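J.: The structure's right below; bear with me while I get my questions together.
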Amino acid sequence: MRGKSPDTPFLGGPDTLETEVVEHPFSFRGSEDKELNALIVEAVNRMGGTGEDAEGNYRRALDELGKRAAEAWKVVVAEYEALPEDQYLDRWSLVYLLSELRQPEAAEALNRIITSRIPAEKARGSHDASTVAEEVIIRTTAVEGVVRLSAAGVETARKILLRHASNRTFSIRRASVQGLLDTGEDTDKRELRAVLKERGEQSLLRIKRMDVREVPQAIGGRFVVHPDVKREAPPPDLGREEG
Amino acid sequence: MASCTYTVPDKNASGDNFYGAVICNQAYVDYFWNTYGFSGNKAYWDDGWGWDDCCNTSKPLARAFNGCYALTYSAQDYQNDSYSAAILNWGRRYVRENIDDLRSFCGDGTAIARSKGSGLVEVYLGFFYTKDVPGRAETLIHESRHQGGKPHDANFPAGSTFGGGKSGADSSWDYEGAWMYGALYLWWYYAAGARTTSALRERARQRGNVVIDNAFATHPGFSI
């Protein structure tokens with residue numbers, strides 16, 4: 001480990017950053033129902049909660065929005081379509097919310113999201129940043145929404161999954177195949193196997209969803225640098241200090 | 001020296017919203033600053049990066065601390081960081097033992113983070129604003145694996161979202177490289193993450209699956 005002095009004068013100057021804060025990422029240009037808009041914002045915000053009560057707070061926000069799910073899903077779709085392309089996380093949050101609302105009428109909207117063209121990679125030259133990966137995560141989350149509808153017996157959803165078993169993007173194909181195998185009827189599964197055989201992609205059937213405890217684990221401690229003196233972390237729930 | 005700007009929502013689903021109230025405690029600030037490589041690097045976290053405003057989750061330093069909180073406390077039994085436990089437990093220890101110099105830069109938009117060797121890791125704007133909170137913990141683990149002596153050893157497979165044929169992939173799951181460490185961390189976060197929401201856990205699942213599908217020259221044959 002290198003020794004460092006925090007007081008060493010800095011040569012050349014570090015980078016500088018200016019941040020501008022906006023209240024939330026949505027415009028709600030197509031919805032004048034402020035109460036409904038607020039419920040959507042609250043549900044999205046609570047997705048990002050932390051602490052022992054995080055899930056409870058998220059569930060309560062979702063339950064409140066769920067009481068107006070029949071109107072809410074259309075506003076969620078409109079907001080998704082209005083967001084700038086590069087707001088990947090915010091777009092994802094709306095797709096996940098759409099999935100959570102479980103409205104059969106939203107199946108076609110989810111299908112449009114899955115089908116939409118994936119823009120060309122904007123982070124060329126990088127091995128860890130990929131705008132295409134962000135786009136694919138949005139679409140596989142939409143597939144998950146369709147899987148939930150399929151599990152609830154929505155026929156349109158099963159047809160969408162079968163269609164995307166031939167999607168050009170591997171992760172979307174894999175998610176659709178697994179979703180249909182888990183939730184489809186016997187006829188759907190027969191049709192799926194026929195499609196995969198025709199495309200020479202039966203290997204997709206062999207990719208299994210597994211519990212993390214069943215897969216090979218990383219062997220921690222190999223290749224480690226010599227450990228520094230261990231200091232215990234404080235407890236996780238100290239709360240905010242005022243003043 | 002570069003100057004950059006960023007527009008950030010006060011609240012969204014990144015996981016930062018409510019961390020502000022959690023990390024704003026001197027015990028956490030001290031622990032994260034001294035444990036995960038910030039110490040000695042005030043210059044890199046000043047001038048808009050949050051050194052003088054470390055509870056403000058619209059600024060990079062607080063967002064980095066949020067990632068450190070997830071890294072430290074996402075296992076229910078977080079005090080057990082034994083290497084015989086799950087990576088959700090010992091991920092924090094692995095980062096602590098491999099990164100002792102964490103610096104922030106604007107970057108050119110082509111990378112989230114880079115491992116420079118000798119314990120030095122650089123993080124760029126995407127680390128703070130594209131990655132959600134568990135994704136930042138994943139990035140620190142990924143870069144720690146490089147510091148620990150495991151470079152990428154293969155090209156991405158044909159059709160990969162990361163660019164088929166490009167270098168930067170791992171050959172297989174069994175290589176135990178940076179992609180495997182990151183995906184496994186996300187997988188455990190999805191399966192057993194504590195003090196979080198089902199939404200962020202599902203996001204970890206989706207990101208983990210995209211890594212498993214696209215970052216190994218040979219697909220491992222399983223998914224989350």
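Letters A, B, ... go to the chains of the structure tokens in the order shown; residues in each chain start at 1; ligands are counted from 1 in the same order.
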Can you list every residue in stretch 57-196 of chain A that DSSP puts in alpha helix (DSSP H), as a PyMOL selection string?

T.: chain A and resi 57-66+69-82+88-101+107-115+131-151+155-164+170-183+186-196

J.: Excluding stretch 139-142 of chain B and any residue of its chain fewer than 4 positions from it, enumerate the residues within 6 Å of it, using only C-alpha atoms, and give them as a PyMOL selection string.

T.: chain B and resi 95+178+182

J.: Skipping near chain neighbours, those fewer than 2 positions away, what residues fall within 10 Å of A:Ala123 using only C-alpha atoms, listed as a PyMOL selection string?

T.: (chain A and resi 120-121+125-132) or (chain B and resi 108-112+162)

J.: Can you spit out the residues from that selection as an mmCIF file, in the first residue's frame, using N, CA and C atoms?

T.:
```cif
data_model
loop_
_atom_site.group_PDB
_atom_site.id
_atom_site.type_symbol
_atom_site.label_atom_id
_atom_site.label_comp_id
_atom_site.auth_asym_id
_atom_site.auth_seq_id
_atom_site.Cartn_x
_atom_site.Cartn_y
_atom_site.Cartn_z
ATOM 1 N N ALA A 120 -27.257 2.955 -31.359
ATOM 2 C CA ALA A 120 -25.854 2.532 -31.458
ATOM 3 C C ALA A 120 -25.089 2.884 -30.188
ATOM 4 N N GLU A 121 -24.069 2.099 -29.909
ATOM 5 C CA GLU A 121 -23.236 2.293 -28.716
ATOM 6 C C GLU A 121 -22.644 3.700 -28.688
ATOM 7 N N GLY A 125 -15.061 2.091 -27.221
ATOM 8 C CA GLY A 125 -13.713 2.153 -26.671
ATOM 9 C C GLY A 125 -13.670 1.809 -25.196
ATOM 10 N N SER A 126 -14.832 1.597 -24.599
ATOM 11 C CA SER A 126 -14.862 1.250 -23.178
ATOM 12 C C SER A 126 -15.144 -0.233 -23.020
ATOM 13 N N HIS A 127 -14.635 -0.828 -21.948
ATOM 14 C CA HIS A 127 -14.994 -2.226 -21.699
ATOM 15 C C HIS A 127 -16.008 -2.338 -20.568
ATOM 16 N N ASP A 128 -16.217 -1.243 -19.816
ATOM 17 C CA ASP A 128 -17.142 -1.366 -18.686
ATOM 18 C C ASP A 128 -18.395 -0.518 -18.834
ATOM 19 N N ALA A 129 -18.335 0.554 -19.610
ATOM 20 C CA ALA A 129 -19.523 1.385 -19.826
ATOM 21 C C ALA A 129 -20.122 0.997 -21.167
ATOM 22 N N SER A 130 -21.417 0.775 -21.202
ATOM 23 C CA SER A 130 -22.065 0.425 -22.453
ATOM 24 C C SER A 130 -23.495 0.953 -22.446
ATOM 25 N N THR A 131 -23.775 1.876 -23.341
ATOM 26 C CA THR A 131 -25.144 2.375 -23.441
ATOM 27 C C THR A 131 -26.052 1.289 -24.016
ATOM 28 N N VAL A 132 -25.500 0.410 -24.821
ATOM 29 C CA VAL A 132 -26.300 -0.712 -25.340
ATOM 30 C C VAL A 132 -26.718 -1.622 -24.182
ATOM 31 N N ASP B 108 -14.154 10.911 -20.035
ATOM 32 C CA ASP B 108 -14.575 11.312 -21.383
ATOM 33 C C ASP B 108 -15.859 10.595 -21.799
ATOM 34 N N GLY B 109 -16.523 9.960 -20.851
ATOM 35 C CA GLY B 109 -17.784 9.295 -21.141
ATOM 36 C C GLY B 109 -17.622 7.878 -21.655
ATOM 37 N N THR B 110 -16.380 7.411 -21.803
ATOM 38 C CA THR B 110 -16.190 6.081 -22.367
ATOM 39 C C THR B 110 -15.919 5.027 -21.291
ATOM 40 N N ALA B 111 -15.884 5.428 -20.029
ATOM 41 C CA ALA B 111 -15.613 4.439 -18.982
ATOM 42 C C ALA B 111 -16.307 4.845 -17.696
ATOM 43 N N ILE B 112 -16.614 3.864 -16.876
ATOM 44 C CA ILE B 112 -17.175 4.092 -15.551
ATOM 45 C C ILE B 112 -16.032 4.277 -14.550
ATOM 46 N N PHE B 162 -21.445 -5.486 -25.079
ATOM 47 C CA PHE B 162 -20.222 -4.721 -24.819
ATOM 48 C C PHE B 162 -19.347 -4.599 -26.068
#
```

J.: Excluding same-chain residues fewer than 3 positions from A:Glu201, what lies within 12 Å of it counting only C-alpha atoms, as a PyMOL selection string?

T.: chain A and resi 165-167+170+173-174+177+192-198+204-207

J.: For the contact check between chain B and chain A, emit one row per residue of chain B within 6 Å, containing the shortest atom pair and the distance in Å rounded to one decimal, counting only C-alpha atoms, chain then rising number order, as a Markdown table.

T.:
```
| residue | atom | partner | partner_atom | distance |
| --- | --- | --- | --- | --- |
| B:Met1 | CA | A:Asp15 | CA | 4.9 |
| B:Ala2 | CA | A:Asp15 | CA | 4.7 |
| B:Ser3 | CA | A:Thr16 | CA | 4.7 |
| B:Cys4 | CA | A:Leu17 | CA | 4.9 |
| B:Thr5 | CA | A:Glu18 | CA | 4.6 |
| B:Tyr6 | CA | A:Thr19 | CA | 4.8 |
| B:Thr7 | CA | A:Glu20 | CA | 4.6 |
| B:Val8 | CA | A:Val21 | CA | 5.0 |
| B:Pro9 | CA | A:Val22 | CA | 4.7 |
| B:Asp10 | CA | A:Glu23 | CA | 5.0 |
| B:Lys11 | CA | A:His24 | CA | 5.6 |
| B:Asn12 | CA | A:Asn45 | CA | 4.8 |
| B:Ala13 | CA | A:Gly48 | CA | 4.4 |
| B:Ser14 | CA | A:Gly48 | CA | 5.5 |
| B:Gly15 | CA | A:Gly48 | CA | 3.5 |
| B:Phe18 | CA | A:Gly49 | CA | 5.5 |
| B:Ala21 | CA | A:Arg240 | CA | 5.2 |
| B:Val22 | CA | A:Gly239 | CA | 5.3 |
| B:Cys24 | CA | A:Arg240 | CA | 5.1 |
| B:Asn25 | CA | A:Glu241 | CA | 5.1 |
| B:Gly40 | CA | A:Pro6 | CA | 3.8 |
| B:Tyr44 | CA | A:Pro14 | CA | 5.8 |
| B:Asp47 | CA | A:Thr16 | CA | 5.2 |
| B:Gly48 | CA | A:Leu17 | CA | 4.7 |
| B:Tyr83 | CA | A:Gly220 | CA | 5.0 |
| B:Glu97 | CA | A:Pro227 | CA | 4.9 |
| B:Asn98 | CA | A:Val225 | CA | 5.6 |
| B:Phe105 | CA | A:Asp15 | CA | 5.8 |
| B:Thr110 | CA | A:Ala123 | CA | 4.5 |
| B:Ala111 | CA | A:Ala129 | CA | 5.0 |
| B:Ile112 | CA | A:Ala129 | CA | 5.6 |
| B:Gly148 | CA | A:Phe223 | CA | 4.8 |
| B:Gly149 | CA | A:Phe223 | CA | 5.9 |
| B:Thr161 | CA | A:Ala133 | CA | 5.3 |
| B:Phe162 | CA | A:Ser130 | CA | 6.0 |
| B:Gly168 | CA | A:His127 | CA | 5.3 |
| B:Arg195 | CA | A:Gly51 | CA | 4.3 |
| B:Thr196 | CA | A:Thr50 | CA | 4.7 |
| B:Thr197 | CA | A:Glu55 | CA | 4.5 |
| B:Ala199 | CA | A:Met47 | CA | 5.4 |
| B:Gln206 | CA | A:Ile137 | CA | 5.9 |
| B:Gly221 | CA | A:Ile207 | CA | 4.7 |
| B:Phe222 | CA | A:Lys208 | CA | 4.7 |
| B:Ser223 | CA | A:Arg209 | CA | 4.8 |
| B:Ile224 | CA | A:Arg209 | CA | 5.4 |
```

J.: Please produce a file of the residues just selected, as a tab-separated table (two decimals), in the first residue's frame, where the atoms kept are C-alpha atoms.

T.:
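Final file, out32.tsv:
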```tsv
chain	number	residue	atom	x	y	z
B	1	MET	CA	-7.63	19.65	-15.62
B	2	ALA	CA	-11.14	19.30	-17.03
B	3	SER	CA	-14.41	20.96	-16.10
B	4	CYS	CA	-17.71	19.13	-16.35
B	5	THR	CA	-21.37	19.72	-15.54
B	6	TYR	CA	-24.22	17.38	-14.70
B	7	THR	CA	-27.96	17.76	-14.14
B	8	VAL	CA	-29.17	15.41	-11.44
B	9	PRO	CA	-32.70	14.74	-10.13
B	10	ASP	CA	-33.13	15.52	-6.43
B	11	LYS	CA	-34.85	12.16	-6.19
B	12	ASN	CA	-35.18	9.14	-8.47
B	13	ALA	CA	-34.71	5.37	-8.29
B	14	SER	CA	-30.90	5.35	-8.10
B	15	GLY	CA	-30.95	4.50	-4.41
B	18	PHE	CA	-32.69	8.24	1.29
B	21	ALA	CA	-30.00	10.82	5.83
B	22	VAL	CA	-28.10	7.63	6.56
B	24	CYS	CA	-24.68	11.93	7.13
B	25	ASN	CA	-23.09	10.75	10.30
B	40	GLY	CA	-5.16	11.61	1.21
B	44	TYR	CA	-9.71	14.93	-6.09
B	47	ASP	CA	-14.10	21.68	-6.37
B	48	GLY	CA	-17.68	20.53	-6.84
B	83	TYR	CA	-13.59	-15.08	2.91
B	97	GLU	CA	-7.60	-4.68	0.82
B	98	ASN	CA	-7.13	-3.76	-2.83
B	105	PHE	CA	-12.46	12.68	-12.59
B	110	THR	CA	-16.19	6.08	-22.37
B	111	ALA	CA	-15.61	4.44	-18.98
B	112	ILE	CA	-17.17	4.09	-15.55
B	148	GLY	CA	-5.77	-8.06	-7.17
B	149	GLY	CA	-3.99	-9.22	-10.30
B	161	THR	CA	-23.76	-5.75	-25.77
B	162	PHE	CA	-20.22	-4.72	-24.82
B	168	GLY	CA	-12.18	-6.75	-22.19
B	195	ARG	CA	-31.64	-2.79	3.97
B	196	THR	CA	-32.78	-2.23	0.40
B	197	THR	CA	-35.90	-2.63	-1.77
B	199	ALA	CA	-36.87	-2.86	-6.91
B	206	GLN	CA	-31.22	-7.55	-14.56
B	221	GLY	CA	-24.83	-21.79	-18.85
B	222	PHE	CA	-26.88	-20.31	-16.01
B	223	SER	CA	-28.66	-17.10	-15.18
B	224	ILE	CA	-30.08	-15.25	-12.21
```

J.: Find the residues near B:Trp179: any atom within 10 Å, counting only C-alpha atoms, skip ones fewer than 4 places away on the same chain, and give them as a ChimeraX atom specification.

T.: /A:128 /B:138-139,141-143,145,152,168-173,175,183-185,208,211-212,214-216

J.: Any idea what's packed within 6 Å of stretch 50-66 of chain B, counting only C-alpha atoms, ignoring anything in its chain fewer than 4 positions away? Could you give it as an MDAnalysis selection string?

T.: chainID B and resid 20 24 45:46 128

J.: Quote the spacing between atom CA of A:Arg60 and atom CA of A:Leu83 in Å to one decimal place.

T.: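 Separation of atom CA of A:Arg60 and atom CA of A:Leu83: 25.7 Å.
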